$ cat upload-v4.cif   # mmCIF, C-alpha atoms
data_run
#
loop_
_atom_site.label_atom_id
_atom_site.label_comp_id
_atom_site.auth_asym_id
_atom_site.auth_seq_id
_atom_site.Cartn_x
_atom_site.Cartn_y
_atom_site.Cartn_z
CA MET E 1 43.25 -74.58 78.45
CA GLU E 2 42.57 -75.52 74.84
CA ARG E 3 45.37 -77.49 73.17
CA ILE E 4 45.99 -79.26 69.90
CA PRO E 5 47.00 -82.87 70.56
CA ILE E 6 50.45 -84.06 69.51
CA LEU E 7 50.81 -87.79 68.79
CA ARG E 8 54.05 -89.73 68.84
CA MET E 9 54.86 -92.51 66.37
CA GLY E 10 58.37 -93.88 66.85
CA ASP E 11 60.62 -90.87 66.60
CA LEU E 12 58.03 -88.80 64.75
CA LEU E 13 55.57 -86.30 66.16
CA LEU E 14 52.24 -85.98 64.39
CA VAL E 15 49.88 -83.04 64.56
CA THR E 16 46.59 -82.71 62.75
CA ILE E 17 45.16 -79.23 62.99
CA GLN E 18 41.40 -79.60 62.81
CA VAL E 19 40.14 -76.42 64.41
CA ASP E 20 40.20 -72.82 63.26
CA MET E 21 43.08 -71.67 65.47
CA HIS E 22 43.08 -68.32 67.18
CA ASP E 23 46.50 -66.73 67.62
CA ARG E 24 47.15 -67.88 71.18
CA LEU E 25 46.30 -71.47 70.28
CA ALA E 26 48.78 -71.33 67.40
CA MET E 27 51.49 -70.03 69.73
CA THR E 28 50.71 -72.76 72.27
CA LEU E 29 51.11 -75.39 69.56
CA GLN E 30 54.47 -73.93 68.53
CA ASP E 31 55.71 -74.05 72.14
CA ASP E 32 54.29 -77.52 72.79
CA LEU E 33 55.86 -78.95 69.65
CA THR E 34 59.26 -77.49 70.43
CA GLU E 35 59.17 -78.90 73.95
CA ARG E 36 58.02 -82.31 72.75
CA ILE E 37 60.84 -82.52 70.18
CA VAL E 38 63.29 -82.36 73.06
CA SER E 39 61.40 -84.42 75.66
CA ASP E 40 60.55 -87.19 73.18
CA GLY E 41 63.83 -87.02 71.28
CA ALA E 42 61.87 -86.68 68.05
CA LYS E 43 63.65 -86.61 64.72
CA GLY E 44 60.71 -85.58 62.61
CA VAL E 45 57.55 -83.46 62.88
CA LEU E 46 54.63 -83.91 60.55
CA ILE E 47 51.97 -81.20 60.55
CA ASP E 48 48.77 -82.07 58.69
CA ILE E 49 46.87 -78.94 57.66
CA SER E 50 44.43 -80.62 55.24
CA ALA E 51 41.51 -79.56 57.43
CA LEU E 52 42.57 -75.90 57.49
CA ASP E 53 40.63 -73.69 55.10
CA LEU E 54 42.91 -70.73 55.78
CA VAL E 55 46.55 -70.04 56.54
CA ASP E 56 47.10 -66.36 57.25
CA SER E 57 50.38 -64.61 58.04
CA PHE E 58 50.18 -65.49 61.73
CA ILE E 59 49.64 -69.22 61.18
CA GLY E 60 52.20 -69.12 58.38
CA ARG E 61 54.74 -67.57 60.69
CA MET E 62 53.96 -70.16 63.36
CA ILE E 63 54.64 -72.94 60.84
CA SER E 64 57.91 -71.33 59.67
CA ASN E 65 59.08 -70.73 63.23
CA THR E 66 58.23 -74.27 64.29
CA ALA E 67 60.24 -75.66 61.37
CA ALA E 68 63.18 -73.39 62.22
CA MET E 69 63.11 -74.36 65.90
CA ALA E 70 62.86 -78.04 64.99
CA ARG E 71 65.85 -77.67 62.70
CA VAL E 72 68.10 -76.30 65.41
CA LEU E 73 66.89 -79.13 67.66
CA ASP E 74 67.94 -81.71 65.04
CA ALA E 75 64.45 -82.54 63.80
CA GLN E 76 62.87 -82.13 60.36
CA THR E 77 59.43 -80.67 59.76
CA VAL E 78 57.08 -81.49 56.92
CA VAL E 79 53.77 -79.73 56.36
CA VAL E 80 51.27 -81.85 54.48
CA GLY E 81 47.85 -81.54 52.89
CA MET E 82 47.61 -77.86 52.08
CA GLN E 83 44.43 -77.13 50.13
CA PRO E 84 44.94 -75.56 46.67
CA ALA E 85 42.88 -72.46 47.52
CA VAL E 86 44.99 -71.98 50.65
CA ALA E 87 48.23 -72.28 48.65
CA ILE E 88 47.04 -69.70 46.08
CA THR E 89 46.02 -67.28 48.81
CA LEU E 90 49.20 -67.77 50.81
CA VAL E 91 51.47 -66.93 47.89
CA GLU E 92 49.39 -63.93 46.88
CA LEU E 93 49.53 -62.72 50.47
CA GLY E 94 53.32 -62.81 50.14
CA LEU E 95 54.12 -65.88 52.23
CA THR E 96 56.17 -68.67 50.75
CA LEU E 97 56.91 -70.68 53.92
CA HIS E 98 60.59 -70.43 53.11
CA GLY E 99 62.59 -73.31 54.53
CA VAL E 100 59.53 -75.47 55.24
CA LYS E 101 59.33 -78.87 53.59
CA THR E 102 55.92 -79.80 52.22
CA ALA E 103 54.24 -82.92 50.88
CA LEU E 104 50.83 -83.49 49.32
CA ASN E 105 49.60 -85.96 51.93
CA VAL E 106 50.53 -87.74 55.14
CA GLU E 107 51.89 -90.79 53.36
CA LYS E 108 54.23 -88.75 51.17
CA GLY E 109 55.19 -86.65 54.17
CA MET E 110 56.14 -89.75 56.16
CA ALA E 111 58.16 -91.03 53.21
CA LEU E 112 59.97 -87.70 53.02
CA LEU E 113 60.82 -87.80 56.72
CA GLY E 114 61.83 -91.45 56.63
CA LYS E 115 64.07 -90.94 53.65
CA ASN E 116 65.73 -87.92 55.14
CA MET E 117 66.29 -89.56 58.47
CA THR E 118 67.96 -92.74 57.30
CA ARG E 119 70.43 -90.77 55.26
CA MET M 1 25.22 -45.59 67.35
CA ASN M 2 28.05 -48.02 67.67
CA ALA M 3 30.86 -46.70 69.86
CA ALA M 4 33.43 -47.97 67.41
CA THR M 5 32.14 -45.69 64.66
CA ALA M 6 32.17 -42.47 66.65
CA VAL M 7 34.76 -41.09 64.22
CA GLU M 8 33.05 -40.23 60.92
CA PHE M 9 35.32 -41.96 58.45
CA ASP M 10 34.95 -41.01 54.85
CA THR M 11 36.37 -42.61 51.73
CA GLU M 12 34.89 -43.07 48.28
CA LEU M 13 34.60 -46.76 48.96
CA ILE M 14 32.77 -46.28 52.25
CA GLU M 15 30.36 -43.93 50.50
CA LEU M 16 29.88 -46.34 47.60
CA ASN M 17 29.24 -49.19 50.02
CA ALA M 18 26.63 -47.16 51.86
CA ARG M 19 24.71 -46.79 48.58
CA LEU M 20 25.06 -50.39 47.42
CA ARG M 21 24.52 -52.05 50.78
CA THR M 22 21.58 -54.40 51.11
CA ASP M 23 22.47 -55.85 54.49
CA ARG M 24 24.90 -55.16 57.33
CA VAL M 25 26.12 -57.12 60.32
CA THR M 26 28.57 -55.67 62.83
CA LEU M 27 30.98 -57.81 64.80
CA PRO M 28 33.10 -56.63 67.71
CA LEU M 29 36.89 -57.10 67.52
CA ARG M 30 38.45 -57.22 70.95
CA GLY M 31 40.42 -60.45 71.24
CA ASP M 32 41.79 -63.49 69.41
CA GLU M 33 38.50 -65.36 69.50
CA ASP M 34 36.71 -62.48 67.78
CA VAL M 35 38.97 -62.96 64.76
CA VAL M 36 37.92 -66.62 64.58
CA ALA M 37 34.24 -65.58 64.75
CA LEU M 38 34.85 -62.96 62.05
CA ARG M 39 36.45 -65.54 59.74
CA LYS M 40 33.43 -67.80 60.20
CA HIS M 41 30.92 -65.03 59.41
CA VAL M 42 32.85 -63.80 56.38
CA ARG M 43 33.11 -67.36 55.05
CA GLU M 44 29.34 -67.90 55.46
CA ARG M 45 28.54 -64.71 53.57
CA ALA M 46 31.08 -65.40 50.86
CA VAL M 47 29.49 -68.82 50.33
CA ALA M 48 26.00 -67.26 50.34
CA ILE M 49 26.75 -64.91 47.43
CA GLY M 50 28.46 -67.71 45.53
CA LEU M 51 32.12 -66.64 45.63
CA SER M 52 34.48 -69.29 44.26
CA LEU M 53 36.47 -71.29 46.81
CA VAL M 54 39.65 -69.38 45.98
CA ASP M 55 37.92 -66.01 46.32
CA GLN M 56 36.29 -67.11 49.58
CA THR M 57 39.70 -68.06 50.93
CA LYS M 58 41.25 -64.78 49.79
CA LEU M 59 38.50 -62.70 51.41
CA VAL M 60 38.54 -64.67 54.67
CA THR M 61 42.34 -64.41 54.83
CA ALA M 62 42.21 -60.65 54.24
CA ALA M 63 39.56 -60.38 56.96
CA SER M 64 41.80 -62.31 59.33
CA GLU M 65 44.78 -60.03 58.67
CA LEU M 66 42.79 -56.81 58.93
CA GLY M 67 40.83 -57.98 61.97
CA ARG M 68 44.08 -58.80 63.74
CA ASN M 69 45.41 -55.32 62.87
CA THR M 70 42.30 -53.70 64.33
CA ILE M 71 42.92 -55.51 67.61
CA LYS M 72 46.70 -55.35 67.73
CA TYR M 73 47.34 -51.83 66.45
CA GLY M 74 43.96 -50.17 66.81
CA GLY M 75 43.35 -51.37 70.36
CA GLY M 76 40.15 -53.13 69.29
CA GLY M 77 37.15 -51.98 67.30
CA ALA M 78 34.60 -53.55 65.01
CA CYS M 79 34.04 -54.97 61.56
CA HIS M 80 30.96 -54.20 59.50
CA LEU M 81 30.10 -56.97 57.07
CA ASP M 82 28.10 -55.60 54.15
CA LYS M 83 26.29 -57.42 51.42
CA LEU M 84 26.60 -55.30 48.29
CA ALA M 85 24.67 -55.24 45.01
CA ASP M 86 25.26 -52.71 42.23
CA GLY M 87 22.63 -54.04 39.84
CA PHE M 88 25.10 -56.14 37.86
CA ARG M 89 27.01 -58.06 40.47
CA ASN M 90 27.03 -58.99 44.12
CA GLY M 91 29.87 -58.50 46.53
CA ILE M 92 30.97 -58.46 50.12
CA GLY M 93 32.21 -55.29 51.73
CA LEU M 94 34.17 -55.29 54.97
CA LEU M 95 34.76 -52.13 56.96
CA PHE M 96 37.19 -52.29 59.87
CA VAL M 97 37.07 -49.39 62.28
CA ASP M 98 39.03 -48.58 65.39
CA LYS M 99 39.61 -45.57 67.59
CA GLY M 100 43.31 -46.27 67.99
CA PRO M 101 46.38 -44.12 67.39
CA GLY M 102 46.03 -44.04 63.58
CA ILE M 103 48.81 -44.73 61.09
CA PRO M 104 51.34 -41.85 60.88
CA ASP M 105 52.98 -42.99 57.62
CA LEU M 106 50.47 -44.87 55.52
CA GLU M 107 52.77 -45.34 52.53
CA LEU M 108 55.33 -47.02 54.75
CA ALA M 109 52.69 -49.16 56.47
CA LEU M 110 51.53 -50.43 53.07
CA ARG M 111 54.99 -51.61 52.13
CA ASP M 112 55.64 -55.36 52.12
CA GLY M 113 57.67 -56.41 55.12
CA TYR M 114 57.23 -53.21 57.11
CA THR M 115 56.04 -53.86 60.67
CA THR M 116 56.00 -52.11 64.00
CA GLY M 117 54.53 -55.07 65.80
CA GLY M 118 57.12 -57.79 65.24
CA GLY M 119 55.00 -59.55 62.64
CA LEU M 120 55.85 -60.29 59.03
CA GLY M 121 54.56 -56.96 57.78
CA LEU M 122 52.19 -58.59 55.31
CA GLY M 123 48.87 -57.78 56.96
CA LEU M 124 48.02 -54.55 55.12
CA SER M 125 50.01 -54.98 51.92
CA GLY M 126 49.05 -58.64 51.57
CA SER M 127 45.35 -58.03 52.22
CA LYS M 128 45.31 -55.39 49.53
CA ARG M 129 46.37 -57.99 46.99
CA LEU M 130 43.65 -60.40 48.11
CA VAL M 131 40.66 -58.11 47.50
CA ASP M 132 39.24 -56.18 44.53
CA GLU M 133 38.98 -52.80 46.21
CA PHE M 134 40.88 -51.40 49.15
CA GLU M 135 40.84 -48.02 50.88
CA ILE M 136 42.15 -46.65 54.14
CA ASP M 137 41.13 -43.57 56.05
CA THR M 138 43.46 -43.05 58.99
CA ARG M 139 43.73 -40.10 61.35
CA VAL M 140 46.54 -39.81 63.85
CA GLY M 141 45.12 -39.76 67.35
CA GLU M 142 41.57 -40.57 66.17
CA GLY M 143 41.52 -43.95 64.54
CA THR M 144 41.62 -45.96 61.36
CA ALA M 145 39.07 -47.32 58.92
CA VAL M 146 39.94 -49.92 56.31
CA ALA M 147 37.35 -50.71 53.64
CA VAL M 148 37.66 -53.66 51.28
CA VAL M 149 35.35 -55.22 48.69
CA LYS M 150 35.37 -58.57 46.94
CA TRP M 151 33.02 -58.91 43.97
CA LYS M 152 31.61 -62.14 42.68
CA ARG M 153 33.10 -62.81 39.26
#
$ encode --input "upload-v4.cif" --output "structure tokens"
Amino acid sequence: MERIPILRMGDLLLVTIQVDMHDRLAMTLQDDLTERIVSDGAKGVLIDISALDLVDSFIGRMISNTAAMARVLDAQTVVVGMQPAVAITLVELGLTLHGVKTALNVEKGMALLGKNMTR
Amino acid sequence: MNAATAVEFDTELIELNARLRTDRVTLPLRGDEDVVALRKHVRERAVAIGLSLVDQTKLVTAASELGRNTIKYGGGGACHLDKLADGFRNGIGLLFVDKGPGIPDLELALRDGYTTGGGLGLGLSGSKRLVDEFEIDTRVGEGTAVAVVKWKR
């Protein structure tokens, strides 16, 4: 079965979404990430969506749900690299990714996670 | 004749599109992967008529939402991708058709946050905001057609 790879770096999990995800693939990623947070004892999740040219309500919901699940499992989620056209469309669609932390790029996302975790 | 269009849907927009259409491609919508294929085709056509990146993204996102609705609520169907030209401007028309149960209360279905499928309830209402023209013809027990157009500015 198709899967999006999840990399571990210290106590962070990194995901770079590089394919146009169909709905089942998005759900698989949500489940995989949640399981890996527990099995790896991760404190942070960084999701890089810079290669995504679309975030619709389904993918948006997957991102929100993942962040919420991570939060109750004592991990923080940061979504990085959203393209401007995607952000404009997302807000017009009515999605604001409430409760999801974002950063402009991977470096800033890592800094955000690092800062939050040492607090 | 395509099985998915056995119901003769009729809205002003569908009629207008039929007159302005210079090209049509029909894609089946049965499963998740079909939505991915639809997004790819819509993107290619949006690029071909020179839509801006933001407008491309809006149209592809609307197509994704409406295509998912066709599968999830309509039990599958098809999307007709039309290239439109009215003499002054070019556009892309999308017509989603299914032979599903129809939408009993359209006004309610178009409200932000209303859902019967456990989603966010943004598919219909959100898509409407992403396109220039939007029309629905739905018949309980027969099916639903959703027509949208995005014009090149």
$ closest_residue --input "upload-v4.cif" --among "E:Asp11, E:Asp48, E:Asp23, E:Asp74" --to "Met62 of chain E" --atoms "only C-alpha atoms"
E:Asp23
$ interface_residues --input "upload-v4.cif" --of "chain M" --to "chain E" --cutoff "9 Å" --atoms "all atoms listed in the file" --output "PyMOL selection string"
chain M and resi 32-36+39-40+53-58+60-62+64-65+112+119-123+125-130
$ residues_near_point --input "upload-v4.cif" --point "(62.8, -83.8, 60.6)" --cutoff "6 Å" --atoms "all atoms listed in the file" --output "list in words"
Lys43, Gly44, Val45, Ala75, Gln76, Thr77 and Leu113 of chain E
$ write_last_selection --input "upload-v4.cif" --atoms "C-alpha atoms" --output "compact mmCIF listing (two decimals), in the frame of the given file"
# COMPACT_ATOMS: atom_id res chain seq x y z
CA LYS E 43 63.65 -86.61 64.72
CA GLY E 44 60.71 -85.58 62.61
CA VAL E 45 57.55 -83.46 62.88
CA ALA E 75 64.45 -82.54 63.80
CA GLN E 76 62.87 -82.13 60.36
CA THR E 77 59.43 -80.67 59.76
CA LEU E 113 60.82 -87.80 56.72
$ closest_residue --input "upload-v4.cif" --among "M:Leu94, M:Leu29, M:Ile14, M:Val7" --to "Tyr73 of chain M" --atoms "all atoms listed in the file"
M:Leu29
$ atom_distance --input "upload-v4.cif" --atom1 "atom CA of Pro5 of chain E" --atom2 "atom CA of Val19 of chain E"
11.2 Å
$ closest_residue --input "upload-v4.cif" --among "M:Gly113, M:Asp137, M:Leu81, M:Gly143" --to "Gly100 of chain M" --atoms "all atoms listed in the file"
M:Gly143
$ resolve_selection --input "upload-v4.cif" --expression "the PyMOL selection byres ((chain M and resi 12) around 12)" --output "PyMOL selection string"
chain M and resi 9-11+13-19+133-137+146-148
$ residues_around --input "upload-v4.cif" --residues "Val106 of chain E" --least-positions-apart "5" --cutoff "8 Å" --atoms "all atoms listed in the file" --output "list in words"
Leu46, Asp48, Val80 and Gly81 of chain E
$ atom_distance --input "upload-v4.cif" --atom1 "atom CA of Leu108 of chain M" --atom2 "atom CA of Gly74 of chain M"
16.9 Å
$ resolve_selection --input "upload-v4.cif" --expression "the PyMOL selection byres ((chain E and resi 103) around 7)" --output "ChimeraX atom specification"
/E:78-81,102,104-105,108-109
$ atom_distance --input "upload-v4.cif" --atom1 "atom CA of Gly141 of chain M" --atom2 "atom CA of Ile103 of chain M"
8.8 Å
$ resolve_selection --input "upload-v4.cif" --expression "the PyMOL selection byres ((chain E and resi 6) around 10)" --output "list of chain:residue names"
E:Arg3, E:Ile4, E:Pro5, E:Leu7, E:Arg8, E:Leu13, E:Leu14, E:Val15, E:Thr16, E:Ile17, E:Leu29, E:Asp32, E:Leu33, E:Arg36, E:Val45, E:Leu46, E:Ile47
$ closest_residue --input "upload-v4.cif" --among "E:Ile59, E:Asn65, E:Met9, E:Thr96" --to "Asp40 of chain E" --atoms "only C-alpha atoms"
E:Met9
$ axis_aligned_box --input "upload-v4.cif" --around "segment 29-39 of chain E" --padding-each-side "4 Å" --output "lines of an AutoDock Vina configuration file"
center_x = 57.2
center_y = -79.2
center_z = 72.1
size_x = 20.2
size_y = 18.5
size_z = 15.1
$ residues_around --input "upload-v4.cif" --residues "Arg45 of chain M" --least-positions-apart "3" --cutoff "12 Å" --atoms "all atoms listed in the file" --output "PyMOL selection string"
chain M and resi 23-25+38-42+48-52+55-57+59-60+81-84+90-94+150+152
$ write_last_selection --input "upload-v4.cif" --atoms "C-alpha atoms" --output "JSON list (two decimals), in the coordinates of the input"
[["chain", "number", "residue", "atom", "x", "y", "z"],
["M", 23, "ASP", "CA", 22.47, -55.85, 54.49],
["M", 24, "ARG", "CA", 24.90, -55.16, 57.33],
["M", 25, "VAL", "CA", 26.12, -57.12, 60.32],
["M", 38, "LEU", "CA", 34.85, -62.96, 62.05],
["M", 39, "ARG", "CA", 36.45, -65.54, 59.74],
["M", 40, "LYS", "CA", 33.43, -67.80, 60.20],
["M", 41, "HIS", "CA", 30.92, -65.03, 59.41],
["M", 42, "VAL", "CA", 32.85, -63.80, 56.38],
["M", 48, "ALA", "CA", 26.00, -67.26, 50.34],
["M", 49, "ILE", "CA", 26.75, -64.91, 47.43],
["M", 50, "GLY", "CA", 28.46, -67.71, 45.53],
["M", 51, "LEU", "CA", 32.12, -66.64, 45.63],
["M", 52, "SER", "CA", 34.48, -69.29, 44.26],
["M", 55, "ASP", "CA", 37.92, -66.01, 46.32],
["M", 56, "GLN", "CA", 36.29, -67.11, 49.58],
["M", 57, "THR", "CA", 39.70, -68.06, 50.93],
["M", 59, "LEU", "CA", 38.50, -62.70, 51.41],
["M", 60, "VAL", "CA", 38.54, -64.67, 54.67],
["M", 81, "LEU", "CA", 30.10, -56.97, 57.07],
["M", 82, "ASP", "CA", 28.10, -55.60, 54.15],
["M", 83, "LYS", "CA", 26.29, -57.42, 51.42],
["M", 84, "LEU", "CA", 26.60, -55.30, 48.29],
["M", 90, "ASN", "CA", 27.03, -58.99, 44.12],
["M", 91, "GLY", "CA", 29.87, -58.50, 46.53],
["M", 92, "ILE", "CA", 30.97, -58.46, 50.12],
["M", 93, "GLY", "CA", 32.21, -55.29, 51.73],
["M", 94, "LEU", "CA", 34.17, -55.29, 54.97],
["M", 150, "LYS", "CA", 35.37, -58.57, 46.94],
["M", 152, "LYS", "CA", 31.61, -62.14, 42.68]]
